[in-house]
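Dropping my_file-v4.csv in here (CSV, C-alpha atoms):
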```csv
chain,number,residue,atom,x,y,z
B,439,MET,CA,148.4,39.5,88.3
B,440,LYS,CA,148.9,36.4,90.4
B,441,ALA,CA,148.7,33.9,87.5
B,442,PHE,CA,147.7,33.8,84.0
B,443,ALA,CA,144.9,31.6,82.6
B,444,ALA,CA,145.3,29.8,79.4
B,445,ILE,CA,142.3,29.9,77.1
B,446,SER,CA,143.4,26.6,75.5
B,447,ALA,CA,141.5,23.4,75.8
B,448,LEU,CA,142.1,21.6,79.0
B,449,LEU,CA,143.8,18.2,79.1
B,450,MET,CA,142.0,16.1,81.5
B,451,ILE,CA,144.0,13.4,83.2
B,452,ALA,CA,142.0,10.5,84.4
B,453,ALA,CA,142.4,8.9,87.8
B,454,PRO,CA,145.2,6.4,88.0
B,455,ALA,CA,144.2,3.0,86.7
B,456,GLY,CA,143.3,0.6,89.4
B,457,ALA,CA,142.8,3.2,92.1
B,458,GLN,CA,139.7,2.7,94.1
B,459,ASP,CA,137.2,5.6,93.9
B,460,LEU,CA,136.4,7.3,97.1
B,461,PRO,CA,132.7,7.6,97.9
B,462,GLY,CA,130.9,10.9,97.8
B,463,THR,CA,130.5,10.8,101.5
B,464,THR,CA,134.3,11.0,102.0
B,465,MET,CA,135.1,14.0,104.0
B,466,LEU,CA,137.8,16.1,102.2
B,467,LYS,CA,139.9,18.2,104.6
B,468,ALA,CA,142.0,21.3,103.9
B,469,SER,CA,144.5,19.6,106.2
B,470,ASP,CA,144.9,16.8,103.7
B,471,PRO,CA,145.8,18.5,100.4
B,472,ALA,CA,146.9,15.2,98.8
B,473,GLY,CA,143.5,13.8,99.5
B,474,VAL,CA,141.8,16.8,97.9
B,475,ALA,CA,144.2,16.4,94.9
B,476,ARG,CA,143.3,12.8,94.6
B,477,TYR,CA,139.6,13.6,94.7
B,478,LEU,CA,140.0,16.1,91.9
B,479,ASN,CA,141.8,13.4,89.9
B,480,GLN,CA,138.8,11.1,90.6
B,481,LEU,CA,136.5,13.8,89.3
B,482,GLY,CA,138.5,13.8,86.0
B,483,TYR,CA,140.7,16.9,86.6
B,484,ARG,CA,144.4,17.2,86.6
B,485,ALA,CA,145.8,18.1,90.0
B,486,LYS,CA,149.4,18.9,90.7
B,487,LEU,CA,150.1,19.4,94.4
B,488,THR,CA,152.7,22.2,94.9
B,489,LYS,CA,153.3,25.1,97.3
B,490,ASP,CA,152.5,28.8,97.1
B,491,LYS,CA,154.8,31.7,97.9
B,492,GLN,CA,154.0,31.4,101.6
B,493,GLY,CA,154.9,27.7,101.6
B,494,ASP,CA,151.3,26.7,102.0
B,495,PRO,CA,149.8,23.9,99.8
B,496,LYS,CA,148.5,24.7,96.4
B,497,ILE,CA,146.9,22.5,93.8
B,498,GLU,CA,147.4,23.5,90.1
B,499,THR,CA,144.4,22.3,88.1
B,500,GLY,CA,142.3,23.2,85.1
B,501,LEU,CA,138.6,24.2,85.4
B,502,GLY,CA,136.3,25.5,82.7
B,503,GLY,CA,139.1,25.6,80.1
B,504,PHE,CA,141.3,27.8,82.3
B,505,ASN,CA,144.4,27.1,84.4
B,506,ALA,CA,143.1,27.3,88.0
B,507,GLY,CA,144.7,27.3,91.4
B,508,LEU,CA,143.2,25.7,94.6
B,509,TYR,CA,144.9,27.6,97.4
B,510,PHE,CA,144.9,26.5,101.1
B,511,TYR,CA,144.3,28.9,103.9
B,512,GLY,CA,144.5,29.0,107.7
B,513,CYS,CA,147.7,26.8,107.6
B,514,GLU,CA,150.4,26.7,110.2
B,515,LYS,CA,153.8,26.3,108.7
B,516,GLY,CA,152.3,24.9,105.6
B,517,ALA,CA,150.2,22.3,107.4
B,518,ASP,CA,146.9,21.9,109.2
B,519,CYS,CA,145.0,24.2,106.8
B,520,THR,CA,141.4,25.0,107.5
B,521,SER,CA,139.9,26.2,104.2
B,522,PHE,CA,140.6,26.4,100.5
B,523,GLN,CA,139.8,28.7,97.7
B,524,PHE,CA,139.6,28.3,93.9
B,525,GLN,CA,141.2,31.1,91.9
B,526,VAL,CA,141.3,31.9,88.2
B,527,GLY,CA,142.7,35.2,86.8
B,528,ILE,CA,142.1,35.9,83.1
B,529,ALA,CA,144.6,38.1,81.3
B,530,SER,CA,142.6,39.7,78.6
B,531,ASP,CA,142.7,42.7,76.3
B,532,THR,CA,139.0,43.0,76.9
B,533,LYS,CA,138.4,45.1,80.0
B,534,LEU,CA,135.2,44.8,82.0
B,535,SER,CA,133.7,47.8,83.7
B,536,LEU,CA,133.1,48.0,87.5
B,537,GLU,CA,129.4,48.1,86.7
B,538,GLN,CA,129.6,44.8,84.8
B,539,VAL,CA,131.5,43.3,87.8
B,540,ASN,CA,129.0,44.5,90.3
B,541,ASN,CA,126.1,43.2,88.2
B,542,PHE,CA,127.9,39.8,87.9
B,543,ASN,CA,128.3,39.6,91.7
B,544,LYS,CA,124.7,40.6,92.2
B,545,GLN,CA,123.4,38.1,89.7
B,546,TYR,CA,125.4,35.0,90.5
B,547,ARG,CA,125.7,33.2,93.8
B,548,PHE,CA,128.7,31.5,95.4
B,549,CYS,CA,131.7,33.1,93.6
B,550,GLN,CA,133.3,36.5,93.9
B,551,LEU,CA,134.5,38.5,90.9
B,552,SER,CA,136.9,41.5,91.1
B,553,LEU,CA,139.3,43.3,88.9
B,554,ASP,CA,143.0,43.6,89.7
B,555,GLU,CA,145.2,46.7,89.1
B,556,GLU,CA,145.5,45.8,85.4
B,557,ARG,CA,141.7,45.5,85.3
B,558,ASP,CA,142.0,41.8,84.6
B,559,PRO,CA,139.1,39.7,86.1
B,560,TRP,CA,139.7,37.3,89.0
B,561,LEU,CA,137.0,34.8,90.0
B,562,TYR,CA,137.3,33.3,93.5
B,563,TYR,CA,135.3,30.7,95.4
B,564,ASP,CA,136.0,30.0,99.0
B,565,LEU,CA,135.1,26.7,100.7
B,566,PRO,CA,135.2,26.0,104.4
B,567,SER,CA,136.7,22.8,105.7
B,568,GLY,CA,137.3,23.0,109.4
B,569,THR,CA,138.8,19.9,110.9
B,570,ALA,CA,136.0,17.7,109.8
B,571,GLY,CA,136.2,18.7,106.2
B,572,ILE,CA,133.4,18.8,103.5
B,573,SER,CA,131.9,15.9,101.7
B,574,GLY,CA,133.2,14.7,98.4
B,575,ASP,CA,129.7,15.3,96.9
B,576,ALA,CA,129.7,18.9,98.2
B,577,PHE,CA,133.2,19.5,96.8
B,578,ALA,CA,132.1,18.1,93.4
B,579,GLN,CA,129.1,20.3,93.4
B,580,ALA,CA,131.4,23.3,94.2
B,581,VAL,CA,133.6,22.4,91.3
B,582,ASP,CA,130.5,22.3,89.0
B,583,ILE,CA,129.3,25.7,90.3
B,584,TYR,CA,132.8,27.2,89.8
B,585,GLU,CA,133.1,25.9,86.3
B,586,GLU,CA,129.6,27.2,85.4
B,587,GLN,CA,130.5,30.7,86.7
B,588,LEU,CA,133.8,30.6,84.8
B,589,ASN,CA,131.9,29.9,81.6
B,590,LYS,CA,129.6,32.8,82.4
B,591,LEU,CA,132.6,35.1,82.9
B,592,ASP,CA,134.1,33.9,79.7
B,593,ARG,CA,130.8,34.6,77.9
B,594,LEU,CA,130.7,38.1,79.4
B,595,LEU,CA,134.2,38.8,78.1
B,596,ASP,CA,133.3,37.6,74.7
B,597,GLU,CA,130.1,39.7,74.7
B,598,THR,CA,132.1,42.8,75.8
B,599,LYS,CA,134.7,42.2,73.2
B,600,ALA,CA,132.0,41.8,70.5
B,601,ALA,CA,130.2,45.0,71.6
B,602,ALA,CA,133.4,47.0,71.5
B,603,LYS,CA,133.9,46.2,67.8
X,419,MET,CA,115.7,42.5,101.2
X,420,GLY,CA,114.9,44.8,104.0
X,421,LYS,CA,117.6,47.5,104.6
X,422,ALA,CA,119.5,47.5,107.8
X,423,GLY,CA,119.5,50.8,109.5
X,424,LEU,CA,122.5,52.2,111.4
X,425,ILE,CA,121.0,50.9,114.6
X,426,ALA,CA,123.1,48.6,116.8
X,427,LEU,CA,121.6,45.2,117.1
X,428,ALA,CA,121.0,43.7,120.6
X,429,LEU,CA,122.7,40.3,120.5
X,430,LEU,CA,120.8,37.6,122.3
X,431,ALA,CA,122.6,35.1,124.5
X,432,ALA,CA,122.6,31.5,123.6
X,433,PRO,CA,119.8,29.5,125.2
X,434,ALA,CA,120.7,27.0,127.9
X,435,ALA,CA,120.3,24.0,125.7
X,436,ALA,CA,122.8,21.2,125.1
X,437,ASP,CA,125.3,22.4,122.4
X,438,VAL,CA,125.4,20.8,119.0
X,439,PRO,CA,128.8,19.2,118.9
X,440,GLU,CA,131.4,20.7,116.6
X,441,THR,CA,131.9,17.5,114.7
X,442,ALA,CA,128.2,17.1,113.9
X,443,LEU,CA,127.2,17.5,110.3
X,444,LEU,CA,124.9,20.3,109.4
X,445,THR,CA,122.8,20.4,106.2
X,446,ALA,CA,120.6,23.1,104.7
X,447,ALA,CA,117.7,20.7,105.1
X,448,GLN,CA,117.9,21.3,108.9
X,449,PRO,CA,117.0,25.0,109.3
X,450,ALA,CA,116.0,24.6,113.0
X,451,LYS,CA,119.4,23.0,113.7
X,452,VAL,CA,121.2,25.8,111.8
X,453,ALA,CA,119.3,28.3,113.9
X,454,GLU,CA,120.3,26.4,117.0
X,455,VAL,CA,124.0,26.6,116.0
X,456,VAL,CA,123.7,30.3,115.3
X,457,ARG,CA,122.3,30.9,118.8
X,458,GLN,CA,125.1,28.7,120.1
X,459,LEU,CA,127.5,31.2,118.5
X,460,GLY,CA,125.9,33.9,120.6
X,461,ARG,CA,123.8,35.5,117.9
X,462,PRO,CA,120.1,35.8,117.4
X,463,GLY,CA,118.7,32.8,115.4
X,464,LEU,CA,115.0,33.3,114.8
X,465,LEU,CA,113.6,30.8,112.3
X,466,GLU,CA,111.1,32.3,109.9
X,467,THR,CA,109.7,31.7,106.4
X,468,ASP,CA,110.5,34.0,103.5
X,469,GLU,CA,108.0,35.2,100.8
X,470,ALA,CA,108.8,32.1,98.6
X,471,GLY,CA,107.9,29.8,101.5
X,472,ASP,CA,111.5,28.8,102.2
X,473,PRO,CA,113.1,29.0,105.6
X,474,SER,CA,115.2,32.0,106.6
X,475,ILE,CA,116.9,32.9,109.9
X,476,ALA,CA,116.8,36.4,111.3
X,477,THR,CA,120.2,37.0,112.9
X,478,GLY,CA,122.9,39.7,113.1
X,479,PHE,CA,126.4,40.5,111.8
X,480,ALA,CA,128.7,43.2,113.1
X,481,GLY,CA,125.9,44.8,115.1
X,482,TYR,CA,123.5,45.0,112.1
X,483,PRO,CA,120.5,42.9,111.4
X,484,GLY,CA,121.3,40.1,108.9
X,485,ARG,CA,119.7,37.0,107.5
X,486,ILE,CA,120.5,33.5,106.5
X,487,TRP,CA,118.5,32.5,103.4
X,488,PHE,CA,117.9,28.9,102.4
X,489,PHE,CA,118.2,28.0,98.7
X,490,ASP,CA,117.3,25.3,96.3
X,491,CYS,CA,114.4,24.0,98.5
X,492,MET,CA,111.5,21.8,97.5
X,493,GLU,CA,108.2,23.5,96.7
X,494,ASP,CA,107.1,23.0,100.3
X,495,GLY,CA,110.2,24.7,101.6
X,496,THR,CA,112.0,21.6,102.8
X,497,ASP,CA,115.1,19.8,101.8
X,498,CYS,CA,117.1,22.9,100.9
X,499,LEU,CA,120.6,22.5,99.5
X,500,GLY,CA,122.3,25.7,100.3
X,501,ILE,CA,122.3,28.9,102.4
X,502,ARG,CA,123.4,32.5,102.1
X,503,LEU,CA,124.7,34.7,104.9
X,504,GLN,CA,123.7,38.3,104.1
X,505,VAL,CA,123.8,41.7,105.6
X,506,GLY,CA,122.9,45.0,104.0
X,507,ILE,CA,123.6,48.5,105.3
X,508,GLY,CA,121.5,51.5,104.4
X,509,THR,CA,123.9,54.4,103.7
X,510,VAL,CA,123.7,58.1,103.3
X,511,HIS,CA,127.0,58.5,101.6
X,512,LYS,CA,127.2,55.9,98.9
X,513,LEU,CA,130.3,53.8,98.4
X,514,THR,CA,131.9,53.8,95.0
X,515,LEU,CA,132.2,50.7,92.8
X,516,ALA,CA,136.0,51.2,93.0
X,517,GLN,CA,135.8,50.9,96.8
X,518,VAL,CA,133.6,47.8,96.5
X,519,ASN,CA,136.1,46.3,94.0
X,520,ALA,CA,139.0,47.0,96.3
X,521,PHE,CA,137.1,45.4,99.2
X,522,ASN,CA,136.5,42.2,97.1
X,523,GLN,CA,140.1,42.1,96.0
X,524,GLU,CA,141.3,42.3,99.6
X,525,LYS,CA,138.9,40.1,101.5
X,526,ARG,CA,138.2,36.4,101.1
X,527,PHE,CA,134.9,34.5,101.5
X,528,ALA,CA,132.1,37.0,101.1
X,529,THR,CA,131.2,39.1,98.1
X,530,LEU,CA,130.3,42.8,98.3
X,531,SER,CA,128.1,44.5,95.8
X,532,LEU,CA,125.9,47.6,95.6
X,533,ASP,CA,122.1,47.2,95.2
X,534,GLU,CA,119.9,49.4,93.0
X,535,ASP,CA,119.9,52.1,95.7
X,536,GLY,CA,123.7,52.1,95.9
X,537,ASP,CA,123.7,50.5,99.3
X,538,PRO,CA,126.2,47.7,100.1
X,539,ILE,CA,125.1,44.1,100.4
X,540,LEU,CA,127.6,41.5,101.7
X,541,ALA,CA,126.8,37.9,101.0
X,542,TYR,CA,128.4,34.5,101.3
X,543,ASP,CA,126.9,31.4,99.8
X,544,LEU,CA,127.5,28.0,101.2
X,545,SER,CA,126.5,24.7,99.7
X,546,MET,CA,125.2,22.4,102.5
X,547,MET,CA,123.8,19.4,100.7
X,548,LYS,CA,123.9,16.0,102.4
X,549,PRO,CA,126.0,14.8,104.2
X,550,GLY,CA,126.6,18.4,105.1
X,551,VAL,CA,129.4,20.5,106.5
X,552,SER,CA,130.6,20.2,110.1
X,553,VAL,CA,129.4,22.6,112.7
X,554,ALA,CA,133.0,23.7,113.1
X,555,ALA,CA,133.3,24.6,109.4
X,556,PHE,CA,129.9,26.4,109.5
X,557,ALA,CA,131.1,28.3,112.6
X,558,ASP,CA,134.3,29.3,110.9
X,559,SER,CA,132.4,30.6,107.9
X,560,PHE,CA,130.0,32.5,110.2
X,561,ARG,CA,132.8,34.1,112.1
X,562,LEU,CA,134.7,35.0,108.9
X,563,PHE,CA,131.6,36.5,107.5
X,564,ASP,CA,131.1,38.5,110.7
X,565,GLN,CA,134.7,39.8,110.4
X,566,GLN,CA,134.0,40.9,106.9
X,567,ALA,CA,130.8,42.6,107.9
X,568,THR,CA,132.8,44.5,110.6
X,569,ALA,CA,135.3,45.6,107.9
X,570,LEU,CA,132.4,46.7,105.7
X,571,VAL,CA,130.8,48.7,108.6
X,572,GLU,CA,134.2,50.4,109.2
X,573,MET,CA,134.5,51.3,105.5
X,574,VAL,CA,131.0,52.8,105.5
X,575,LYS,CA,131.7,54.8,108.6
X,576,ALA,CA,135.0,56.1,107.2
X,577,ALA,CA,133.3,57.1,104.0
X,578,GLU,CA,130.5,58.9,105.8
X,579,LYS,CA,133.0,60.6,108.1
X,580,ALA,CA,135.1,61.8,105.0
X,581,ALA,CA,131.9,63.0,103.3
X,582,ARG,CA,131.0,65.2,106.4
X,583,LYS,CA,134.3,67.0,106.3
```
What is this structure when it is put down as structure tokens?
Amino acid sequence: MKAFAAISALLMIAAPAGAQDLPGTTMLKASDPAGVARYLNQLGYRAKLTKDKQGDPKIETGLGGFNAGLYFYGCEKGADCTSFQFQVGIASDTKLSLEQVNNFNKQYRFCQLSLDEERDPWLYYDLPSGTAGISGDAFAQAVDIYEEQLNKLDRLLDETKAAAK
Amino acid sequence: MGKAGLIALALLAAPAAADVPETALLTAAQPAKVAEVVRQLGRPGLLETDEAGDPSIATGFAGYPGRIWFFDCMEDGTDCLGIRLQVGIGTVHKLTLAQVNAFNQEKRFATLSLDEDGDPILAYDLSMMKPGVSVAAFADSFRLFDQQATALVEMVKAAEKAARK
């Protein structure tokens, strides 16, 4: 298990007062994690810039009511990264079957669901950046899509738990 | 979706046209330009129309026929917002859901699932709303998807070889 997701309500931290909002056409680059963190703040999410075990940038945030990580990939010595990935793992007593996971992956676009060795579900969403980056609007849409799928996963866990009773 | 046979795909060379620059932005509303970039990457890029009247591009991944689907288009098939890279492999020996889950746990970007016939479908969804993603980022995604398609083909071949023993 790489991280545990809290099922508590998420505390949203607003963008710092007086900060000027970046337009949706702003290109967000994986090589500029601070800029990505700032944009997450601007969208109304907390965003703590830190490092993962490999020394690459990582943003700790909260999405869909879960603790989420935004990991950076393709980095060289922790810099010049070329892509990023949203990750949420949910430690749960309710275990999904592989059939349920396969159906989820067939039914929903964009994200990828899998089970770890403890059969806890992980939802991933990879975004390319390249050197030019992706637009703030496209990033915001990706955040919306990811939250929507997290909600669907949460509902699936609830339904599975209810059916097991 | 049509099944891909175990027939190697003849890859077409890029036409002798001026290359789309890597910093140019690419949106899903420009299927002809996407097809041009695909050909620029050395793959087939035949622009067609799917059953819903939306654009689609016949191409190839890892030596197998593949397709780029366009999503969230207007009724007349224009102004699409996203694409899906997809390849499917018709198999004799079926992969297990445990193998599919292990693949998804290990690999980034694309999502592997089994269709109703138990055949593997590899897909990656990319939002390409305006102002779009850079050609470089699209090319990175295309190459990463191709690498995963190659890994899938190796897994299928290994499973079929093991089943013959």
Quick one: everything within 10 Å of segment 487-498 of chain B, counting all atoms listed in the file, minus sequence neighbours fewer than 5 positions away in the same chain. Send it as a ChimeraX atom specification. /B:468-472,474-476,478,505-519,522-525
Which residues of chain X are close to chain B, meaning at most 8 Å apart when you count all atoms listed in the file, and how do they look as JSON, numbers by chain? {"X": [441, 515, 516, 519, 520, 522, 523, 526, 527, 528, 529, 530, 531, 532, 533, 542, 543, 544, 545, 546, 547, 548, 549, 550, 551, 552, 554, 555, 556, 558, 559]}
Å distance separating atom CA of Trp487 of chain X from atom CA of Asp537 of chain X, one decimal place: 19.2 Å
Pick the closest to Leu444 of chain X from X:Glu578, X:Lys525, X:Val553, X:Gln517: which is it, counting all atoms listed in the file? X:Val553
Excluding segment 598-601 of chain B and residues on its chain fewer than 5 positions from it, collect all residues at most 12 Å away from it, counting all atoms listed in the file, and give them as an mmCIF file with C-alpha atoms, in the frame of the given file.
```
data_model
loop_
_atom_site.group_PDB
_atom_site.id
_atom_site.type_symbol
_atom_site.label_atom_id
_atom_site.label_comp_id
_atom_site.auth_asym_id
_atom_site.auth_seq_id
_atom_site.Cartn_x
_atom_site.Cartn_y
_atom_site.Cartn_z
ATOM 1 C CA SER B 530 142.600 39.700 78.600
ATOM 2 C CA ASP B 531 142.700 42.700 76.300
ATOM 3 C CA THR B 532 139.000 43.000 76.900
ATOM 4 C CA LYS B 533 138.400 45.100 80.000
ATOM 5 C CA LEU B 534 135.200 44.800 82.000
ATOM 6 C CA SER B 535 133.700 47.800 83.700
ATOM 7 C CA GLN B 538 129.600 44.800 84.800
ATOM 8 C CA LEU B 591 132.600 35.100 82.900
ATOM 9 C CA ASP B 592 134.100 33.900 79.700
ATOM 10 C CA ARG B 593 130.800 34.600 77.900
#
```
